[in-house]
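Below is one structure, written out as structure tokens; comments come after it.
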Amino acid sequence: MLRLHPPASTFTDDHLITVATYLADNYEIDGLHLDNVRYGGQSTSCDPVSEARFGAPCFSAGYANWQRTQVNGTVARFYNDVILNHPDLWLSAAVWPVHIDEWGWGSTQGYHEYYQDSKAWLADGTIDSISPMIYPGTYNCPDNSFWTLSRWTTLAEDFQADSGGRYVIPGIGTGYCTFAEIEARIAAARSAGTIGHALFSYGALYTNNYFDDLAAG
């Protein structure tokens with residue numbers, strides 16, 4: 001897993017690809033997983049390198065689209081420069097759970113707040129799979145978080161509809177107070193037609209003794 005914030009610096013990009021190539025060339029890995037493959041936020045992405053490459057002051061007209069281009073370019077380099085040279089490997093990424101808030105929920109958005117256009121990677125074929133992180137930071141009993149089953153289902157279906165022949169593996173939290181919450185989301189993922197689902201994390205499965213429930217189907 002490579003944890004990164006895509007920079008405007010070509011030097012940094014080159015270093016990331018060098019490290020990834022070394023791993024692919026020298027270790028029996030199944031793939032590369034990109035975490036935090038986005039900017040840190042709307043106000044944390046101004047630096048001299050970015051401003052010089054953009055050719056105008058930070059946050060001026062066109063800067064947001066330019067930032068998305070930087071992220072897209074980093075992902076594309078991983079795919080084109082590493083994965084295509086190692087066709088047995090898989091490139092995946094954990095992505096913001098709401099791409100664009102089309103439903104008026106008031107959620108932060110990967111596309112607008114973090115300049116992460118994960119659906120573009122699917123459309124361009126520069127990623128094998130994405131895992132939208134559709135789970136809360138804290139769990140209540142009963143669950144009354146923002147991430148209701150209904151919203152979870154809506155988001156999983158939204159990403160799946162734009163999969164572009166690539167794969168969506170939606171994230172399911174494991175800290176729920178009952179296994180029924182997890183089971184319902186697994187069923188929703190299957191109904192949406194996703195290739196599978198990702199449970200996060202192992203620790204909560206262990207703490208809540210949910211492994212027997214998973215084994216029972």
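By convention in this document, the chains of the structure tokens carry letters A, B, ... by their order, each chain's residues are numbered from 1, and ligands are numbered from 1 in the order they are shown.
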Shell of 10 Å around stretch 90-103 of chain A, only C-alpha atoms, local chain residues under 4 positions omitted, as a PyMOL selection string: chain A and resi 1-3+29-38+75+78-79+82-84+86+107-119+126-135+147+151-152+154-156+158-159+167-171
Next, the residues of the selection above should be written as a short mmCIF file (atom, residue, chain, number, x, y, z; two decimals), in the first residue's frame with C-alpha atoms.
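What ended up in out_14.cif:
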data_model
loop_
_atom_site.label_atom_id
_atom_site.label_comp_id
_atom_site.auth_asym_id
_atom_site.auth_seq_id
_atom_site.Cartn_x
_atom_site.Cartn_y
_atom_site.Cartn_z
CA MET A 1 0.00 0.00 0.00
CA LEU A 2 1.33 3.42 -0.92
CA ARG A 3 -0.01 6.27 1.16
CA ILE A 29 3.16 -8.76 -4.68
CA ASP A 30 -0.39 -8.97 -5.99
CA GLY A 31 -0.75 -5.28 -6.67
CA LEU A 32 -0.46 -1.71 -5.46
CA HIS A 33 -3.08 0.02 -3.34
CA LEU A 34 -3.18 3.82 -3.24
CA ASP A 35 -4.44 5.43 -0.04
CA ASN A 36 -5.03 9.17 0.42
CA VAL A 37 -4.63 9.67 -3.32
CA ARG A 38 -6.05 13.17 -3.15
CA VAL A 75 -2.79 7.60 -10.84
CA PHE A 78 1.17 4.23 -11.63
CA TYR A 79 -0.99 2.38 -14.11
CA VAL A 82 4.14 0.18 -13.51
CA ILE A 83 1.01 -1.94 -13.94
CA LEU A 84 1.14 -2.22 -17.72
CA HIS A 86 3.53 -6.06 -14.84
CA SER A 107 -21.43 15.85 2.62
CA THR A 108 -17.85 16.69 1.73
CA GLN A 109 -17.09 15.61 -1.82
CA GLY A 110 -14.07 13.94 -3.28
CA TYR A 111 -14.38 15.87 -6.52
CA HIS A 112 -14.78 19.37 -5.07
CA GLU A 113 -13.10 19.31 -1.63
CA TYR A 114 -10.18 16.96 -2.32
CA TYR A 115 -9.81 17.23 -6.12
CA GLN A 116 -10.17 13.48 -6.41
CA ASP A 117 -12.02 12.53 -9.58
CA SER A 118 -12.09 8.79 -8.96
CA LYS A 119 -14.78 8.23 -11.58
CA THR A 126 -6.17 3.89 -15.36
CA ILE A 127 -7.23 1.89 -12.30
CA ASP A 128 -8.37 -1.69 -11.84
CA SER A 129 -10.61 -1.10 -8.84
CA ILE A 130 -11.70 1.52 -6.36
CA SER A 131 -12.99 1.07 -2.83
CA PRO A 132 -15.24 3.94 -1.72
CA MET A 133 -14.82 4.32 2.04
CA ILE A 134 -18.52 4.30 2.96
CA TYR A 135 -18.32 4.02 6.74
CA TRP A 147 -23.92 6.70 6.79
CA ARG A 151 -27.17 6.19 1.84
CA TRP A 152 -24.62 3.38 1.75
CA THR A 154 -27.14 4.85 -2.91
CA LEU A 155 -23.40 5.50 -3.00
CA ALA A 156 -22.46 1.93 -3.88
CA ASP A 158 -23.77 5.38 -7.89
CA PHE A 159 -20.14 4.24 -8.22
CA TYR A 167 -14.39 -2.77 -10.57
CA VAL A 168 -16.03 -1.14 -7.57
CA ILE A 169 -15.39 -2.80 -4.20
CA PRO A 170 -17.30 -0.66 -1.68
CA GLY A 171 -16.02 -0.36 1.86
#
Surrounding residues of A:Asp162 excluding itself and chain neighbours under 5 positions, 9 Å, only C-alpha atoms, as a list in words: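 Once the nearby chain positions are removed, what remains is Lys119, Leu122, Ala123 and Glu157 of chain A.
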Mind dumping the selected residues with N, CA, C and O atoms as an mmCIF file, in the first residue's frame?
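Output saved as out-v8.cif:
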data_model
loop_
_atom_site.group_PDB
_atom_site.id
_atom_site.type_symbol
_atom_site.label_atom_id
_atom_site.label_comp_id
_atom_site.auth_asym_id
_atom_site.auth_seq_id
_atom_site.Cartn_x
_atom_site.Cartn_y
_atom_site.Cartn_z
ATOM 1 N N LYS A 119 -14.014 8.781 -10.460
ATOM 2 C CA LYS A 119 -14.778 8.226 -11.577
ATOM 3 C C LYS A 119 -14.044 8.415 -12.902
ATOM 4 O O LYS A 119 -14.243 7.631 -13.836
ATOM 5 N N LEU A 122 -11.844 5.395 -13.496
ATOM 6 C CA LEU A 122 -12.613 4.274 -14.032
ATOM 7 C C LEU A 122 -12.875 4.465 -15.518
ATOM 8 O O LEU A 122 -12.687 3.551 -16.320
ATOM 9 N N ALA A 123 -13.303 5.673 -15.877
ATOM 10 C CA ALA A 123 -13.640 5.954 -17.272
ATOM 11 C C ALA A 123 -12.413 5.872 -18.180
ATOM 12 O O ALA A 123 -12.501 5.401 -19.321
ATOM 13 N N GLU A 157 -24.333 2.040 -5.414
ATOM 14 C CA GLU A 157 -24.981 1.965 -6.732
ATOM 15 C C GLU A 157 -24.483 3.076 -7.654
ATOM 16 O O GLU A 157 -24.323 2.867 -8.867
#
All strand (DSSP E) positions in stretch 65-204 of chain A, as a list in words: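 Going through stretch 65-204 of chain A, the strand (DSSP E) residues come out as Trp90, Leu91, Ser92, Ala93, Ala94, Val95, Ser129, Ile130, Ser131, Pro132, Tyr167, Val168, Gly171, Ile172, Gly173, Ala198, Leu199 and Phe200 of chain A.
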How would the residues just picked look written out with all heavy atoms as a tab-separated table (two decimals), in the first residue's frame?
chain	number	residue	atom	x	y	z
A	90	TRP	N	-2.35	-5.65	-9.89
A	90	TRP	CA	-3.63	-4.96	-9.82
A	90	TRP	C	-3.40	-3.60	-9.17
A	90	TRP	O	-2.72	-3.51	-8.15
A	90	TRP	CB	-4.57	-5.80	-8.96
A	90	TRP	CG	-6.02	-5.40	-8.93
A	90	TRP	CD1	-6.56	-4.37	-8.22
A	90	TRP	CD2	-7.10	-6.05	-9.60
A	90	TRP	NE1	-7.92	-4.34	-8.40
A	90	TRP	CE2	-8.28	-5.35	-9.24
A	90	TRP	CE3	-7.20	-7.15	-10.44
A	90	TRP	CZ2	-9.54	-5.72	-9.71
A	90	TRP	CZ3	-8.45	-7.51	-10.90
A	90	TRP	CH2	-9.60	-6.80	-10.55
A	91	LEU	N	-3.97	-2.55	-9.73
A	91	LEU	CA	-3.89	-1.22	-9.12
A	91	LEU	C	-5.26	-0.87	-8.55
A	91	LEU	O	-6.26	-0.87	-9.26
A	91	LEU	CB	-3.48	-0.17	-10.15
A	91	LEU	CG	-3.29	1.26	-9.59
A	91	LEU	CD1	-2.13	1.31	-8.61
A	91	LEU	CD2	-3.08	2.27	-10.71
A	92	SER	N	-5.28	-0.57	-7.26
A	92	SER	CA	-6.53	-0.22	-6.59
A	92	SER	C	-6.32	1.05	-5.77
A	92	SER	O	-5.20	1.48	-5.53
A	92	SER	CB	-7.00	-1.36	-5.69
A	92	SER	OG	-6.03	-1.61	-4.67
A	93	ALA	N	-7.42	1.63	-5.34
A	93	ALA	CA	-7.34	2.85	-4.53
A	93	ALA	C	-8.54	2.94	-3.61
A	93	ALA	O	-9.66	2.57	-3.98
A	93	ALA	CB	-7.28	4.09	-5.42
A	94	ALA	N	-8.30	3.45	-2.40
A	94	ALA	CA	-9.39	3.81	-1.50
A	94	ALA	C	-9.80	5.23	-1.83
A	94	ALA	O	-8.93	6.11	-1.93
A	94	ALA	CB	-8.93	3.71	-0.05
A	95	VAL	N	-11.09	5.49	-2.03
A	95	VAL	CA	-11.52	6.80	-2.47
A	95	VAL	C	-12.60	7.37	-1.56
A	95	VAL	O	-13.27	6.64	-0.82
A	95	VAL	CB	-12.03	6.76	-3.93
A	95	VAL	CG1	-10.96	6.19	-4.85
A	95	VAL	CG2	-13.32	5.95	-4.06
A	129	SER	N	-9.46	-1.14	-9.74
A	129	SER	CA	-10.61	-1.10	-8.84
A	129	SER	C	-10.50	0.06	-7.88
A	129	SER	O	-9.39	0.54	-7.57
A	129	SER	CB	-10.72	-2.41	-8.04
A	129	SER	OG	-9.70	-2.49	-7.07
A	130	ILE	N	-11.65	0.53	-7.42
A	130	ILE	CA	-11.70	1.52	-6.36
A	130	ILE	C	-12.54	0.98	-5.22
A	130	ILE	O	-13.45	0.17	-5.43
A	130	ILE	CB	-12.26	2.87	-6.84
A	130	ILE	CG1	-13.70	2.73	-7.34
A	130	ILE	CG2	-11.37	3.51	-7.90
A	130	ILE	CD1	-14.41	4.06	-7.58
A	131	SER	N	-12.22	1.44	-4.01
A	131	SER	CA	-12.99	1.07	-2.83
A	131	SER	C	-13.47	2.34	-2.13
A	131	SER	O	-12.73	2.95	-1.36
A	131	SER	CB	-12.15	0.23	-1.87
A	131	SER	OG	-11.90	-1.05	-2.40
A	132	PRO	N	-14.70	2.78	-2.43
A	132	PRO	CA	-15.24	3.94	-1.72
A	132	PRO	C	-15.35	3.63	-0.23
A	132	PRO	O	-15.87	2.57	0.16
A	132	PRO	CB	-16.62	4.13	-2.35
A	132	PRO	CG	-16.54	3.41	-3.67
A	132	PRO	CD	-15.62	2.26	-3.44
A	167	TYR	N	-13.74	-2.14	-11.72
A	167	TYR	CA	-14.39	-2.77	-10.57
A	167	TYR	C	-14.55	-1.82	-9.39
A	167	TYR	O	-13.64	-1.06	-9.06
A	167	TYR	CB	-13.59	-3.99	-10.13
A	167	TYR	CG	-13.49	-5.03	-11.23
A	167	TYR	CD1	-12.29	-5.24	-11.89
A	167	TYR	CD2	-14.60	-5.77	-11.62
A	167	TYR	CE1	-12.20	-6.18	-12.91
A	167	TYR	CE2	-14.53	-6.71	-12.63
A	167	TYR	CZ	-13.32	-6.91	-13.27
A	167	TYR	OH	-13.24	-7.83	-14.28
A	168	VAL	N	-15.72	-1.88	-8.79
A	168	VAL	CA	-16.03	-1.14	-7.57
A	168	VAL	C	-16.15	-2.14	-6.43
A	168	VAL	O	-16.92	-3.11	-6.53
A	168	VAL	CB	-17.33	-0.33	-7.73
A	168	VAL	CG1	-17.71	0.33	-6.41
A	168	VAL	CG2	-17.16	0.72	-8.82
A	171	GLY	N	-16.45	-0.09	0.50
A	171	GLY	CA	-16.02	-0.36	1.86
A	171	GLY	C	-17.19	-0.44	2.83
A	171	GLY	O	-18.13	0.36	2.77
A	172	ILE	N	-17.14	-1.42	3.70
A	172	ILE	CA	-18.15	-1.62	4.74
A	172	ILE	C	-17.46	-1.54	6.09
A	172	ILE	O	-16.49	-2.26	6.35
A	172	ILE	CB	-18.85	-2.98	4.59
A	172	ILE	CG1	-19.56	-3.07	3.23
A	172	ILE	CG2	-19.85	-3.20	5.73
A	172	ILE	CD1	-20.15	-4.45	2.94
A	173	GLY	N	-17.94	-0.68	6.96
A	173	GLY	CA	-17.38	-0.59	8.30
A	173	GLY	C	-17.67	-1.84	9.11
A	173	GLY	O	-18.68	-2.51	8.89
A	198	ALA	N	-15.26	-4.62	0.67
A	198	ALA	CA	-14.07	-4.58	1.54
A	198	ALA	C	-14.52	-4.25	2.95
A	198	ALA	O	-15.21	-3.24	3.17
A	198	ALA	CB	-13.08	-3.54	1.03
A	199	LEU	N	-14.15	-5.08	3.90
A	199	LEU	CA	-14.51	-4.86	5.29
A	199	LEU	C	-13.37	-4.14	6.01
A	199	LEU	O	-12.22	-4.57	5.95
A	199	LEU	CB	-14.80	-6.18	5.99
A	199	LEU	CG	-15.95	-7.01	5.41
A	199	LEU	CD1	-16.09	-8.33	6.14
A	199	LEU	CD2	-17.25	-6.24	5.47
A	200	PHE	N	-13.69	-3.04	6.68
A	200	PHE	CA	-12.68	-2.25	7.38
A	200	PHE	C	-13.14	-2.00	8.80
A	200	PHE	O	-14.16	-1.37	9.04
A	200	PHE	CB	-12.45	-0.92	6.65
A	200	PHE	CG	-11.39	-0.07	7.28
A	200	PHE	CD1	-10.06	-0.32	7.03
A	200	PHE	CD2	-11.75	0.96	8.15
A	200	PHE	CE1	-9.07	0.46	7.63
A	200	PHE	CE2	-10.77	1.73	8.75
A	200	PHE	CZ	-9.44	1.49	8.49
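Comparing A:Ala216, A:Arg185, A:Asp13, A:Tyr139 by their smallest distance to A:Gln70, the closest is A:Asp13 (using only C-alpha atoms).
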May I have the residues within 10 Å of A:Cys46 as a short mmCIF file (atom, residue, chain, number, x, y, z; two decimals) with C-alpha atoms, in the first residue's frame, using only C-alpha atoms and disregarding those fewer than 3 positions away in the same chain?
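Generated output (out15.cif):
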data_model
loop_
_atom_site.label_atom_id
_atom_site.label_comp_id
_atom_site.auth_asym_id
_atom_site.auth_seq_id
_atom_site.Cartn_x
_atom_site.Cartn_y
_atom_site.Cartn_z
CA ALA A 8 2.53 18.93 -8.49
CA GLN A 42 -9.40 23.09 -0.40
CA SER A 43 -7.02 25.34 1.51
CA VAL A 49 6.04 24.40 -6.98
CA SER A 50 2.31 24.22 -7.70
CA GLU A 51 2.04 27.93 -8.34
CA PRO A 57 -1.74 32.45 -8.30
CA CYS A 58 -3.12 29.53 -6.32
CA PHE A 59 -6.91 29.23 -6.24
CA TYR A 63 -6.82 25.97 -10.33
#
Two-atom distance - atom CA of A:Gly106, atom CA of A:Thr138 (Å):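 For atom CA of A:Gly106 relative to atom CA of A:Thr138, the distance reads 18.4 Å.
Straight-line separation from atom CA of A:Gly41 to atom CA of A:Thr21: 28.6 Å.
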A:Ala204 environment, 10 Å, only C-alpha atoms, sequence neighbours closer than 5 positions dropped, as a PyMOL selection string: chain A and resi 173-176+199+209-210
Any chance you could export the current selection's C-alpha atoms as a PDB file, in the first residue's frame?
ATOM      1  CA  GLY A 173     -17.375  -0.591   8.299  1.00  0.00           C
ATOM      2  CA  THR A 174     -16.957  -3.348  10.866  1.00  0.00           C
ATOM      3  CA  GLY A 175     -17.585  -1.399  14.075  1.00  0.00           C
ATOM      4  CA  TYR A 176     -21.360  -1.669  13.995  1.00  0.00           C
ATOM      5  CA  LEU A 199     -14.510  -4.856   5.294  1.00  0.00           C
ATOM      6  CA  ASN A 209     -16.444 -11.542  17.399  1.00  0.00           C
ATOM      7  CA  TYR A 210     -17.875 -11.253  13.914  1.00  0.00           C
TER       8      TYR A 210
END
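Using only C-alpha atoms, the nearest neighbour of A:Gly164 within the list A:Trp121, A:Ala52, A:Ser191, A:Thr207 is A:Trp121.
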Interatomic distance, atom CA of A:Asn65 to atom CA of A:Tyr39 (Å, one decimal):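 If I compute the distance from atom CA of A:Asn65 to atom CA of A:Tyr39, I get 12.3 Å.
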